[in-house]
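**Q** Shown below is the structure under consideration.
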Number of protein chains: 2
Amino acid sequence: MVMTKVTITLIHITTPSLPPMTFRSDLDIVATALDHQVARARARAVPVLAQRPLATLIDELRLDHFARQGGLEGAALHDFMGRYLKTIINLHQPGYLGHQVAAPHPGAALGALIDALTNNPMAIYEMGPGAAAIEYFVINWMLEKVGWTPAPLDLERLGAAGYGGGVLTHGGSLANLTALIAARSKVRPDAWREGNRDDLALLAPGNNHYSIERAVGILGLGTRNIYQVPTDARGVMDPDALPRILAQVHADGRTPLALVANACSTAVGVHDRLRPLGEFCRTEGIWFHVDGAHGASALLSPEYRHLLDGVELADSLTWDAHKMLRTSAVCAALLVRDHRALDSAFSQEASYLFHDKEQPGFDFLPRAVECTKSGLGLKFYLVLAALGERGLADYVERQYRLTADAYRRMSGIEDLDLPVAPESNILCFRLPGTDARQLELRRQLLVEGDFYVTSTQFQGQRYLRLVFMNPETTLDDVERLIARIRRFVRETHGAG
Amino acid sequence: MVMTKVTITLIHITTPSLPPMTFRSDLDIVATALDHQVARARARAVPVLAQRPLATLIDELRLDHFARQGGLEGAALHDFMGRYLKTIINLHQPGYLGHQVAAPHPGAALGALIDALTNNPMAIYEMGPGAAAIEYFVINWMLEKVGWTPAPLDLERLGAAGYGGGVLTHGGSLANLTALIAARSKVRPDAWREGNRDDLALLAPGNNHYSIERAVGILGLGTRNIYQVPTDARGVMDPDALPRILAQVHADGRTPLALVANACSTAVGVHDRLRPLGEFCRTEGIWFHVDGAHGASALLSPEYRHLLDGVELADSLTWDAHKMLRTSAVCAALLVRDHRALDSAFSQEASYLFHDKEQPGFDFLPRAVECTKSGLGLKFYLVLAALGERGLADYVERQYRLTADAYRRMSGIEDLDLPVAPESNILCFRLPGTDARQLELRRQLLVEGDFYVTSTQFQGQRYLRLVFMNPETTLDDVERLIARIRRFVRETHGAG
């Protein structure tokens, strides 16, 4: 023990050195501006997006001025909000047909506000018992929807086998990463301490989300050790090809880390056939991870949950609330059939810290890549609790039906190539001609601002991609988009 | 190209299927409840923490009821808020002396609200130009404080050498992980594709944050390949020991991945001497990572930035806004001296997607573990812009001085062992007797609710740990805590 004596001038501080909070008045300024913006977006009275140069925005928002001088409150904040809201992409505008991110329910924003002002980073129970209880409940609610056994509320029963587990994490990429960490700890329990041995292989379709390949790279497993499972023309894995791929893995002297399946694929939204894949993995003792970041929400719908038939055979499932559960980014769940796989993912022994502390709750800390973790459960729960689980199912069903209707409508149009009948709310199309022609159509749409669409690479070609995320997009919007495409076709006839 | 024709019933949807938003009225309910709670917490009128069992909270909050039925709005929301706010830890209560998480400035909550309702996941510029511009500005502002060259606003100049880089990420653990990914890509550019070769070693003090060891485990490098650099009794690394450790690394046939230094250490808040460490790393060509998650905010203060003297010699720096920059969790920066190290961290070639897209902005996507990423910059910027950089420096200085004063006051008290003169706002102490006696004092404090303190393992013994995070904690609070400790000593005299 070292006792260093130093002389310090004693400055007695009795009054706060910071100005009083102006929370309510500033909140009112922000809320009024947001309310106005959302209303105008919903009424299609503002463009979805009006991109301007980064340097212009930094200048117009006077970012440097306020960073140096402070004072962004009251009238200055009002002015800032007006400028800032001209720089956003309006997901609440029904012409938003872009990336798989929710046009959020306001409950998510309320949850974010509560979480941010109270700032309860609940990965340690003490640091937010209510927020931790909500995450515990949300994970159990999700486990139930998958068909797995929820964790006991009686904490004395924790630790034994026989129930599932999960954790909310800051995005689907982290959820997928965590799944592969758990798989590695199961297949190679000594890898954590000893390092990789260059003998693992991941089985995956070529069309999985890029976070899967990124996770393999991060884990130091080598992206060349991803064995691509053949798919049909839509990108759905062929279960019958698995024995051959597995034989190749073994012939190369490798052990399978996991098989990853899509539910659904990012590009065109098709679902791998989870039951035969899961049965194969069970037989062969292979970890089966389902990336349901987008599609797992169909589990809520009696009409669409067949798309995930067999999901209960998986070992782990990624399910993003910020995609099809109307929650603001980011809020993703990683779920596991057996909680022990997650509790031991980050080290060889499970860390039931709560027993050491004799606390009345549960620490999510040992399950997460993060240490400090926001109260993500609150954000999603306030959406779930406002709409009810049936309300969320209604949303999923409405969007999936709308997409099927849009497909039917658009597939009747000459010149439009729709490669895949949609299974979810993702719809890809292509005009005759070059990839550049597709991108030129997208460029024009973005400049005009009535629609925001993305593009994707599918079967070697560039497609435009509509994702029907906004709950107020209708077939009338689709008609307007078709009319715009027709005009583009006329104007560029023969130009492709 | 496969064109599957399917028959789908056309359901024309013209009206929104979801109820109208009740954003403003529900926001008012939430804001009023929060305002009341924060005011009572600041007035010390509520306990910092009143832990109750997880199952009780799930029941009292009626989590299951609302998940099934929906309807959590209006009066039900008002009731829920009352119940929920009884389950939180009150960081705004000046008796909060716990984990290194901000008692946030309300600007952070406003930023979170804006981010959550607009939901602009800005890692792709199109998905939030304003939010991306703010992150770009914030990173540059931080680079300037470190002494590194900010990135050019003229995007034509991007890609060349000669400036720094960074990314905001969901927490310091992810920032540290990203730093080691960047280091590995520099030292072993083929590891991403080929996998690890079991030949790297990390040099670190034993007292670094657990996320460093966790990162090594995640990366598949093997935690046994961490070479511990000797420290003095306070836990400060001995720069003179480095040649010997490096010789051992080489003798073991390994190559150094990086040296990690603390600024400051988690347990007692002392700073490694960055200049000699950095000079050694420069000479030897070793990646130098500084974990400044907590302490980097001292860079804002002319009075305290000497604690990080030499930080500009580092290759990478973790700096959390949710610790000493009064921002809600989570919001962390990973900064690098040379942007190219981060731009190529996740693959061998830099992915300047924006050139392909001819967009007027910058994509942070290639720099982040996350794919979908919240508008973290907004949360921090609204704090910075409200207080100004001088206001944030005032906060850091006030807390550091208060801690020095508390140390001086407490070190005069018989029976209190204070092992380290604080360099930041972390102060550890211990009563005579067993570790169990320290934990019993903590247990009693938590049950009473006037104070929340944590404990830490230091030099083989259990200490109680005060972190002066709350800007309204005063020496009067310290006096009250001392009085409480004295009572505990009397009541347990000879019991230790």
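Lettering and numbering for the structure tokens are positional, with chains as A, B, ... in the shown order, residues counted from 1 in each chain, and ligands counted from 1 in the shown order.
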Which residues are close to Ala55 of chain B, i.e. within 8 Å by only C-alpha atoms, leaving aside same-chain residues fewer than 2 positions away? Reply as a list in words.
**A**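 The filter keeps Ala133, Leu153 and Asp154 of chain A; Pro53, Leu57, Ile58 and Asp59 of chain B.
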**Q** List the spatial neighbours of segment 205-221 of chain A as a list of chain:residue names - criterion: any atom at most 6 Å away, only C-alpha atoms, same-chain residues fewer than 2 positions off excluded.
**A**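 Contacts, with the query itself left out: A:Ser173, A:Leu177, A:Thr223, A:Gln228, A:Val229, B:Trp192, B:Gly195, B:Asn196, B:Ile218, B:Leu219, B:Gly220.
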**Q** Mind checking which residues fall within 12 Å of Thr231 of chain B, counting only C-alpha atoms, ignoring those fewer than 5 positions away in the same chain, and posting them as a PDB file with N, CA, C and O atoms, in the first residue's frame?
**A**
ATOM      1  N   ALA B 204       0.379  -4.635 -22.301  1.00  0.00           N
ATOM      2  CA  ALA B 204      -0.599  -3.837 -21.561  1.00  0.00           C
ATOM      3  C   ALA B 204      -0.325  -3.952 -20.076  1.00  0.00           C
ATOM      4  O   ALA B 204       0.249  -4.945 -19.621  1.00  0.00           O
ATOM      5  N   PRO B 205      -0.746  -2.934 -19.326  1.00  0.00           N
ATOM      6  CA  PRO B 205      -0.648  -3.068 -17.873  1.00  0.00           C
ATOM      7  C   PRO B 205      -1.725  -4.037 -17.406  1.00  0.00           C
ATOM      8  O   PRO B 205      -2.682  -4.301 -18.122  1.00  0.00           O
ATOM      9  N   GLY B 206      -1.589  -4.576 -16.243  1.00  0.00           N
ATOM     10  CA  GLY B 206      -2.597  -5.516 -15.762  1.00  0.00           C
ATOM     11  C   GLY B 206      -3.896  -4.833 -15.388  1.00  0.00           C
ATOM     12  O   GLY B 206      -4.937  -5.480 -15.277  1.00  0.00           O
ATOM     13  N   ASN B 207      -3.850  -3.511 -15.230  1.00  0.00           N
ATOM     14  CA  ASN B 207      -5.019  -2.810 -14.699  1.00  0.00           C
ATOM     15  C   ASN B 207      -5.819  -2.092 -15.772  1.00  0.00           C
ATOM     16  O   ASN B 207      -6.552  -1.154 -15.483  1.00  0.00           O
ATOM     17  N   ASN B 208      -5.668  -2.516 -17.039  1.00  0.00           N
ATOM     18  CA  ASN B 208      -6.481  -1.864 -18.065  1.00  0.00           C
ATOM     19  C   ASN B 208      -7.928  -2.328 -17.945  1.00  0.00           C
ATOM     20  O   ASN B 208      -8.239  -3.308 -17.276  1.00  0.00           O
ATOM     21  N   VAL B 236       0.791   2.577 -12.391  1.00  0.00           N
ATOM     22  CA  VAL B 236       1.306   3.308 -13.552  1.00  0.00           C
ATOM     23  C   VAL B 236       2.428   2.495 -14.183  1.00  0.00           C
ATOM     24  O   VAL B 236       3.369   2.078 -13.499  1.00  0.00           O
ATOM     25  N   MET B 237       2.326   2.288 -15.498  1.00  0.00           N
ATOM     26  CA  MET B 237       3.325   1.468 -16.187  1.00  0.00           C
ATOM     27  C   MET B 237       4.718   2.063 -16.062  1.00  0.00           C
ATOM     28  O   MET B 237       4.893   3.279 -16.113  1.00  0.00           O
ATOM     29  N   ASP B 238       5.686   1.182 -15.959  1.00  0.00           N
ATOM     30  CA  ASP B 238       7.088   1.581 -15.887  1.00  0.00           C
ATOM     31  C   ASP B 238       7.666   1.574 -17.299  1.00  0.00           C
ATOM     32  O   ASP B 238       7.909   0.507 -17.863  1.00  0.00           O
ATOM     33  N   PRO B 239       7.903   2.748 -17.890  1.00  0.00           N
ATOM     34  CA  PRO B 239       8.413   2.768 -19.269  1.00  0.00           C
ATOM     35  C   PRO B 239       9.757   2.056 -19.396  1.00  0.00           C
ATOM     36  O   PRO B 239      10.058   1.483 -20.448  1.00  0.00           O
ATOM     37  N   ASP B 240      10.536   2.077 -18.321  1.00  0.00           N
ATOM     38  CA  ASP B 240      11.860   1.451 -18.387  1.00  0.00           C
ATOM     39  C   ASP B 240      11.785  -0.065 -18.486  1.00  0.00           C
ATOM     40  O   ASP B 240      12.777  -0.717 -18.823  1.00  0.00           O
ATOM     41  N   ALA B 241      10.620  -0.610 -18.177  1.00  0.00           N
ATOM     42  CA  ALA B 241      10.476  -2.068 -18.256  1.00  0.00           C
ATOM     43  C   ALA B 241      10.184  -2.538 -19.678  1.00  0.00           C
ATOM     44  O   ALA B 241      10.257  -3.734 -19.967  1.00  0.00           O
ATOM     45  N   LEU B 242       9.844  -1.594 -20.554  1.00  0.00           N
ATOM     46  CA  LEU B 242       9.388  -1.993 -21.889  1.00  0.00           C
ATOM     47  C   LEU B 242      10.432  -2.753 -22.704  1.00  0.00           C
ATOM     48  O   LEU B 242      10.091  -3.757 -23.343  1.00  0.00           O
ATOM     49  N   ALA B 261      -2.125   1.839 -23.229  1.00  0.00           N
ATOM     50  CA  ALA B 261      -1.892   2.612 -22.007  1.00  0.00           C
ATOM     51  C   ALA B 261      -3.209   3.152 -21.471  1.00  0.00           C
ATOM     52  O   ALA B 261      -4.171   3.329 -22.220  1.00  0.00           O
ATOM     53  N   ASN B 262      -3.235   3.416 -20.173  1.00  0.00           N
ATOM     54  CA  ASN B 262      -4.427   3.950 -19.518  1.00  0.00           C
ATOM     55  C   ASN B 262      -4.351   5.462 -19.360  1.00  0.00           C
ATOM     56  O   ASN B 262      -3.349   5.989 -18.883  1.00  0.00           O
ATOM     57  N   SER B 265      -6.553   4.933 -15.485  1.00  0.00           N
ATOM     58  CA  SER B 265      -6.917   3.566 -15.128  1.00  0.00           C
ATOM     59  C   SER B 265      -8.319   3.540 -14.529  1.00  0.00           C
ATOM     60  O   SER B 265      -8.772   4.507 -13.918  1.00  0.00           O
ATOM     61  N   VAL B 270      -5.402   6.659 -12.344  1.00  0.00           N
ATOM     62  CA  VAL B 270      -4.075   7.230 -12.589  1.00  0.00           C
ATOM     63  C   VAL B 270      -3.712   7.083 -14.063  1.00  0.00           C
ATOM     64  O   VAL B 270      -4.230   6.216 -14.769  1.00  0.00           O
ATOM     65  N   HIS B 271      -2.801   7.950 -14.494  1.00  0.00           N
ATOM     66  CA  HIS B 271      -2.456   8.050 -15.911  1.00  0.00           C
ATOM     67  C   HIS B 271      -1.087   7.447 -16.188  1.00  0.00           C
ATOM     68  O   HIS B 271      -0.114   7.767 -15.502  1.00  0.00           O
ATOM     69  N   ASP B 272      -1.031   6.615 -17.215  1.00  0.00           N
ATOM     70  CA  ASP B 272       0.280   6.177 -17.682  1.00  0.00           C
ATOM     71  C   ASP B 272       1.010   7.370 -18.288  1.00  0.00           C
ATOM     72  O   ASP B 272       0.385   8.330 -18.754  1.00  0.00           O
ATOM     73  N   ARG B 273       2.334   7.298 -18.288  1.00  0.00           N
ATOM     74  CA  ARG B 273       3.148   8.418 -18.805  1.00  0.00           C
ATOM     75  C   ARG B 273       3.273   8.251 -20.312  1.00  0.00           C
ATOM     76  O   ARG B 273       4.132   7.544 -20.816  1.00  0.00           O
ATOM     77  N   GLN B 459      -4.467  -3.712  -6.069  1.00  0.00           N
ATOM     78  CA  GLN B 459      -3.297  -4.302  -5.413  1.00  0.00           C
ATOM     79  C   GLN B 459      -3.711  -5.446  -4.488  1.00  0.00           C
ATOM     80  O   GLN B 459      -3.225  -5.569  -3.367  1.00  0.00           O
TER      81      GLN B 459
END
**Q** Could you state the separation of atom CA of Ala41 of chain A and atom CA of Ile89 of chain A in Å, given to one decimal place?
**A**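 That distance, rounded to one decimal, is 9.9 Å.
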**Q** Show me, as a PyMOL selection string, the residues that have an atom within 9 Å of Val453 of chain B when counting only C-alpha atoms, minus same-chain residues fewer than 2 positions from it.
**A** chain B and resi 95-99+442+445-446+451+455+464-467
**Q** Would you save the residues of that selection, restricted to all heavy atoms, as an mmCIF file, in the first residue's frame?
**A**
data_model
loop_
_atom_site.group_PDB
_atom_site.id
_atom_site.type_symbol
_atom_site.label_atom_id
_atom_site.label_comp_id
_atom_site.auth_asym_id
_atom_site.auth_seq_id
_atom_site.Cartn_x
_atom_site.Cartn_y
_atom_site.Cartn_z
ATOM 1 N N GLY B 95 -25.695 12.380 -4.563
ATOM 2 C CA GLY B 95 -25.094 11.262 -3.851
ATOM 3 C C GLY B 95 -24.635 10.149 -4.783
ATOM 4 O O GLY B 95 -24.081 9.147 -4.334
ATOM 5 N N TYR B 96 -24.856 10.329 -6.077
ATOM 6 C CA TYR B 96 -24.371 9.339 -7.045
ATOM 7 C C TYR B 96 -22.864 9.477 -7.177
ATOM 8 O O TYR B 96 -22.357 10.490 -7.685
ATOM 9 C CB TYR B 96 -25.032 9.523 -8.417
ATOM 10 C CG TYR B 96 -24.465 8.546 -9.433
ATOM 11 C CD1 TYR B 96 -24.932 7.237 -9.485
ATOM 12 C CD2 TYR B 96 -23.428 8.910 -10.286
ATOM 13 C CE1 TYR B 96 -24.383 6.323 -10.371
ATOM 14 C CE2 TYR B 96 -22.879 8.003 -11.172
ATOM 15 C CZ TYR B 96 -23.360 6.714 -11.215
ATOM 16 O OH TYR B 96 -22.816 5.806 -12.077
ATOM 17 N N LEU B 97 -22.143 8.466 -6.722
ATOM 18 C CA LEU B 97 -20.673 8.474 -6.785
ATOM 19 C C LEU B 97 -20.198 7.169 -7.412
ATOM 20 O O LEU B 97 -19.167 6.620 -7.030
ATOM 21 C CB LEU B 97 -20.096 8.628 -5.367
ATOM 22 C CG LEU B 97 -20.519 9.903 -4.608
ATOM 23 C CD1 LEU B 97 -20.182 9.795 -3.124
ATOM 24 C CD2 LEU B 97 -19.844 11.132 -5.209
ATOM 25 N N GLY B 98 -20.982 6.679 -8.377
ATOM 26 C CA GLY B 98 -20.783 5.319 -8.857
ATOM 27 C C GLY B 98 -20.015 5.214 -10.155
ATOM 28 O O GLY B 98 -19.033 5.925 -10.376
ATOM 29 N N HIS B 99 -20.470 4.323 -11.019
ATOM 30 C CA HIS B 99 -19.740 4.021 -12.249
ATOM 31 C C HIS B 99 -19.540 5.276 -13.094
ATOM 32 O O HIS B 99 -20.266 6.251 -12.975
ATOM 33 C CB HIS B 99 -20.485 2.945 -13.039
ATOM 34 C CG HIS B 99 -20.480 1.611 -12.361
ATOM 35 N ND1 HIS B 99 -19.381 0.785 -12.342
ATOM 36 C CD2 HIS B 99 -21.429 0.972 -11.638
ATOM 37 C CE1 HIS B 99 -19.658 -0.312 -11.655
ATOM 38 N NE2 HIS B 99 -20.899 -0.225 -11.214
ATOM 39 N N ARG B 442 -20.551 -0.795 1.827
ATOM 40 C CA ARG B 442 -21.219 -0.492 0.555
ATOM 41 C C ARG B 442 -22.667 -0.975 0.573
ATOM 42 O O ARG B 442 -23.583 -0.269 0.152
ATOM 43 C CB ARG B 442 -20.469 -1.151 -0.605
ATOM 44 C CG ARG B 442 -21.094 -0.864 -1.968
ATOM 45 C CD ARG B 442 -20.280 -1.465 -3.110
ATOM 46 N NE ARG B 442 -21.055 -2.403 -3.900
ATOM 47 C CZ ARG B 442 -21.835 -2.083 -4.923
ATOM 48 N NH1 ARG B 442 -21.960 -0.833 -5.302
ATOM 49 N NH2 ARG B 442 -22.504 -2.998 -5.575
ATOM 50 N N LEU B 445 -24.785 1.383 2.550
ATOM 51 C CA LEU B 445 -24.996 2.648 1.828
ATOM 52 C C LEU B 445 -26.063 2.473 0.746
ATOM 53 O O LEU B 445 -26.944 3.320 0.576
ATOM 54 C CB LEU B 445 -23.682 3.124 1.187
ATOM 55 C CG LEU B 445 -22.581 3.604 2.140
ATOM 56 C CD1 LEU B 445 -21.295 3.877 1.368
ATOM 57 C CD2 LEU B 445 -23.019 4.857 2.897
ATOM 58 N N LEU B 446 -25.994 1.365 0.037
ATOM 59 C CA LEU B 446 -26.952 1.152 -1.055
ATOM 60 C C LEU B 446 -28.368 0.942 -0.525
ATOM 61 O O LEU B 446 -29.335 1.417 -1.120
ATOM 62 C CB LEU B 446 -26.522 -0.034 -1.927
ATOM 63 C CG LEU B 446 -25.741 0.355 -3.192
ATOM 64 C CD1 LEU B 446 -24.436 1.040 -2.843
ATOM 65 C CD2 LEU B 446 -25.502 -0.849 -4.080
ATOM 66 N N PHE B 451 -26.307 7.395 -0.867
ATOM 67 C CA PHE B 451 -25.110 7.380 -1.709
ATOM 68 C C PHE B 451 -25.089 6.104 -2.538
ATOM 69 O O PHE B 451 -25.585 5.064 -2.104
ATOM 70 C CB PHE B 451 -23.829 7.437 -0.851
ATOM 71 C CG PHE B 451 -23.695 8.704 -0.064
ATOM 72 C CD1 PHE B 451 -24.046 8.746 1.284
ATOM 73 C CD2 PHE B 451 -23.243 9.864 -0.675
ATOM 74 C CE1 PHE B 451 -23.939 9.923 2.011
ATOM 75 C CE2 PHE B 451 -23.131 11.042 0.048
ATOM 76 C CZ PHE B 451 -23.484 11.077 1.397
ATOM 77 N N SER B 455 -17.190 -0.639 -5.819
ATOM 78 C CA SER B 455 -15.978 -1.161 -5.195
ATOM 79 C C SER B 455 -15.042 -1.622 -6.295
ATOM 80 O O SER B 455 -15.457 -1.825 -7.438
ATOM 81 C CB SER B 455 -16.305 -2.318 -4.255
ATOM 82 O OG SER B 455 -16.495 -3.511 -4.986
ATOM 83 N N LEU B 464 -13.423 0.598 -1.604
ATOM 84 C CA LEU B 464 -14.600 1.320 -2.077
ATOM 85 C C LEU B 464 -14.112 2.479 -2.936
ATOM 86 O O LEU B 464 -13.020 3.015 -2.739
ATOM 87 C CB LEU B 464 -15.459 1.800 -0.911
ATOM 88 C CG LEU B 464 -16.068 0.664 -0.077
ATOM 89 C CD1 LEU B 464 -17.156 1.194 0.839
ATOM 90 C CD2 LEU B 464 -16.613 -0.456 -0.959
ATOM 91 N N ARG B 465 -14.956 2.834 -3.890
ATOM 92 C CA ARG B 465 -14.495 3.707 -4.967
ATOM 93 C C ARG B 465 -15.536 4.797 -5.198
ATOM 94 O O ARG B 465 -16.705 4.509 -5.440
ATOM 95 C CB ARG B 465 -14.334 2.836 -6.220
ATOM 96 C CG ARG B 465 -13.891 3.519 -7.476
ATOM 97 C CD ARG B 465 -13.535 2.420 -8.475
ATOM 98 N NE ARG B 465 -13.328 2.915 -9.811
ATOM 99 C CZ ARG B 465 -14.272 3.024 -10.733
ATOM 100 N NH1 ARG B 465 -15.509 2.694 -10.460
ATOM 101 N NH2 ARG B 465 -13.974 3.468 -11.942
ATOM 102 N N LEU B 466 -15.094 6.031 -5.084
ATOM 103 C CA LEU B 466 -15.963 7.171 -5.351
ATOM 104 C C LEU B 466 -15.557 7.779 -6.689
ATOM 105 O O LEU B 466 -14.384 8.081 -6.900
ATOM 106 C CB LEU B 466 -15.803 8.232 -4.257
ATOM 107 C CG LEU B 466 -15.831 7.736 -2.804
ATOM 108 C CD1 LEU B 466 -15.579 8.904 -1.842
ATOM 109 C CD2 LEU B 466 -17.166 7.062 -2.505
ATOM 110 N N VAL B 467 -16.523 7.950 -7.573
ATOM 111 C CA VAL B 467 -16.244 8.661 -8.823
ATOM 112 C C VAL B 467 -17.165 9.880 -8.841
ATOM 113 O O VAL B 467 -18.384 9.746 -8.820
ATOM 114 C CB VAL B 467 -16.488 7.779 -10.058
ATOM 115 C CG1 VAL B 467 -15.973 8.490 -11.305
ATOM 116 C CG2 VAL B 467 -15.805 6.427 -9.908
#
**Q** Could you write out, as a ChimeraX atom specification, all the residues of segment 180-251 of chain A that DSSP marks as alpha helix (DSSP H)?
**A** /A:180-187,191-194,210-218,242-251
**Q** Take the residues from that selection and put them in a file with N, CA and C atoms, as a CSV table (one decimal), in the first residue's frame.
**A**
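Result file result-v8.csv:
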chain,number,residue,atom,x,y,z
A,180,LEU,N,-21.5,-15.6,-33.5
A,180,LEU,CA,-20.3,-16.3,-33.9
A,180,LEU,C,-19.3,-16.5,-32.8
A,181,ILE,N,-19.2,-15.5,-31.9
A,181,ILE,CA,-18.4,-15.6,-30.7
A,181,ILE,C,-18.9,-16.8,-29.9
A,182,ALA,N,-20.2,-16.9,-29.7
A,182,ALA,CA,-20.8,-17.9,-28.9
A,182,ALA,C,-20.5,-19.3,-29.5
A,183,ALA,N,-20.6,-19.3,-30.9
A,183,ALA,CA,-20.4,-20.6,-31.6
A,183,ALA,C,-18.9,-21.0,-31.4
A,184,ARG,N,-18.0,-20.1,-31.5
A,184,ARG,CA,-16.6,-20.4,-31.4
A,184,ARG,C,-16.3,-20.9,-30.0
A,185,SER,N,-16.9,-20.3,-29.0
A,185,SER,CA,-16.6,-20.7,-27.6
A,185,SER,C,-17.2,-22.1,-27.4
A,186,LYS,N,-18.2,-22.5,-28.1
A,186,LYS,CA,-18.7,-23.9,-28.0
A,186,LYS,C,-17.8,-24.9,-28.7
A,187,VAL,N,-17.5,-24.5,-30.0
A,187,VAL,CA,-16.7,-25.4,-30.8
A,187,VAL,C,-15.2,-25.5,-30.3
A,191,ALA,N,-10.2,-21.3,-27.5
A,191,ALA,CA,-9.8,-20.3,-28.4
A,191,ALA,C,-9.7,-18.9,-27.7
A,192,TRP,N,-10.5,-18.7,-26.8
A,192,TRP,CA,-10.5,-17.4,-26.0
A,192,TRP,C,-9.1,-17.2,-25.4
A,193,ARG,N,-8.6,-18.2,-24.8
A,193,ARG,CA,-7.3,-18.1,-24.1
A,193,ARG,C,-6.1,-18.3,-25.0
A,194,GLU,N,-6.3,-19.3,-25.9
A,194,GLU,CA,-5.2,-19.8,-26.7
A,194,GLU,C,-5.1,-19.2,-28.0
A,210,TYR,N,-23.4,-8.3,-45.1
A,210,TYR,CA,-21.9,-8.2,-45.1
A,210,TYR,C,-21.4,-8.3,-43.6
A,211,SER,N,-22.2,-8.1,-42.6
A,211,SER,CA,-21.7,-8.2,-41.3
A,211,SER,C,-21.3,-9.7,-40.9
A,212,ILE,N,-21.7,-10.6,-41.6
A,212,ILE,CA,-21.3,-12.0,-41.4
A,212,ILE,C,-19.8,-12.2,-41.8
A,213,GLU,N,-19.5,-11.7,-43.0
A,213,GLU,CA,-18.1,-11.8,-43.4
A,213,GLU,C,-17.2,-10.9,-42.5
A,214,ARG,N,-17.8,-9.8,-42.2
A,214,ARG,CA,-17.0,-8.8,-41.3
A,214,ARG,C,-16.8,-9.5,-40.0
A,215,ALA,N,-17.7,-10.2,-39.4
A,215,ALA,CA,-17.5,-10.9,-38.1
A,215,ALA,C,-16.4,-11.9,-38.2
A,216,VAL,N,-16.4,-12.7,-39.3
A,216,VAL,CA,-15.4,-13.7,-39.5
A,216,VAL,C,-14.0,-13.0,-39.6
A,217,GLY,N,-13.9,-11.9,-40.3
A,217,GLY,CA,-12.7,-11.1,-40.3
A,217,GLY,C,-12.3,-10.6,-38.9
A,218,ILE,N,-13.2,-10.1,-38.2
A,218,ILE,CA,-12.9,-9.6,-36.9
A,218,ILE,C,-12.4,-10.7,-36.0
A,242,LEU,N,-25.7,-29.4,-48.7
A,242,LEU,CA,-24.9,-29.3,-47.5
A,242,LEU,C,-24.0,-30.5,-47.3
A,243,PRO,N,-24.4,-31.7,-47.5
A,243,PRO,CA,-23.5,-32.8,-47.3
A,243,PRO,C,-22.2,-32.7,-48.1
A,244,ARG,N,-22.4,-32.2,-49.3
A,244,ARG,CA,-21.2,-32.1,-50.2
A,244,ARG,C,-20.3,-31.0,-49.6
A,245,ILE,N,-20.8,-29.9,-49.2
A,245,ILE,CA,-20.0,-28.8,-48.7
A,245,ILE,C,-19.3,-29.2,-47.4
A,246,LEU,N,-20.1,-29.9,-46.6
A,246,LEU,CA,-19.5,-30.4,-45.3
A,246,LEU,C,-18.3,-31.4,-45.5
A,247,ALA,N,-18.5,-32.2,-46.5
A,247,ALA,CA,-17.5,-33.2,-46.9
A,247,ALA,C,-16.2,-32.4,-47.3
A,248,GLN,N,-16.4,-31.3,-48.1
A,248,GLN,CA,-15.3,-30.5,-48.5
A,248,GLN,C,-14.6,-29.9,-47.3
A,249,VAL,N,-15.4,-29.4,-46.4
A,249,VAL,CA,-14.8,-28.8,-45.2
A,249,VAL,C,-13.9,-29.8,-44.4
A,250,HIS,N,-14.5,-31.0,-44.3
A,250,HIS,CA,-13.7,-32.0,-43.6
A,250,HIS,C,-12.5,-32.4,-44.4
A,251,ALA,N,-12.7,-32.5,-45.7
A,251,ALA,CA,-11.5,-32.9,-46.6
A,251,ALA,C,-10.4,-31.9,-46.5
**Q** Apply DSSP to the structure's backbone, then extract all residues of segment 114-332 of chain B labelled strand (DSSP E) and return them as an MDAnalysis selection string.
**A** chainID B and resid 165:169 200:205 226:229 255:262 288:291 316:320 332
**Q** Give me the residues near segment 107-114 of chain B as a PyMOL selection string, where near means some atom within 7 Å (using only C-alpha atoms) and where sequence neighbours in that chain fewer than 6 positions away do not count.
**A** (chain A and resi 27+109+112-113+116-117) or (chain B and resi 327-328+378-380+382-383+386)
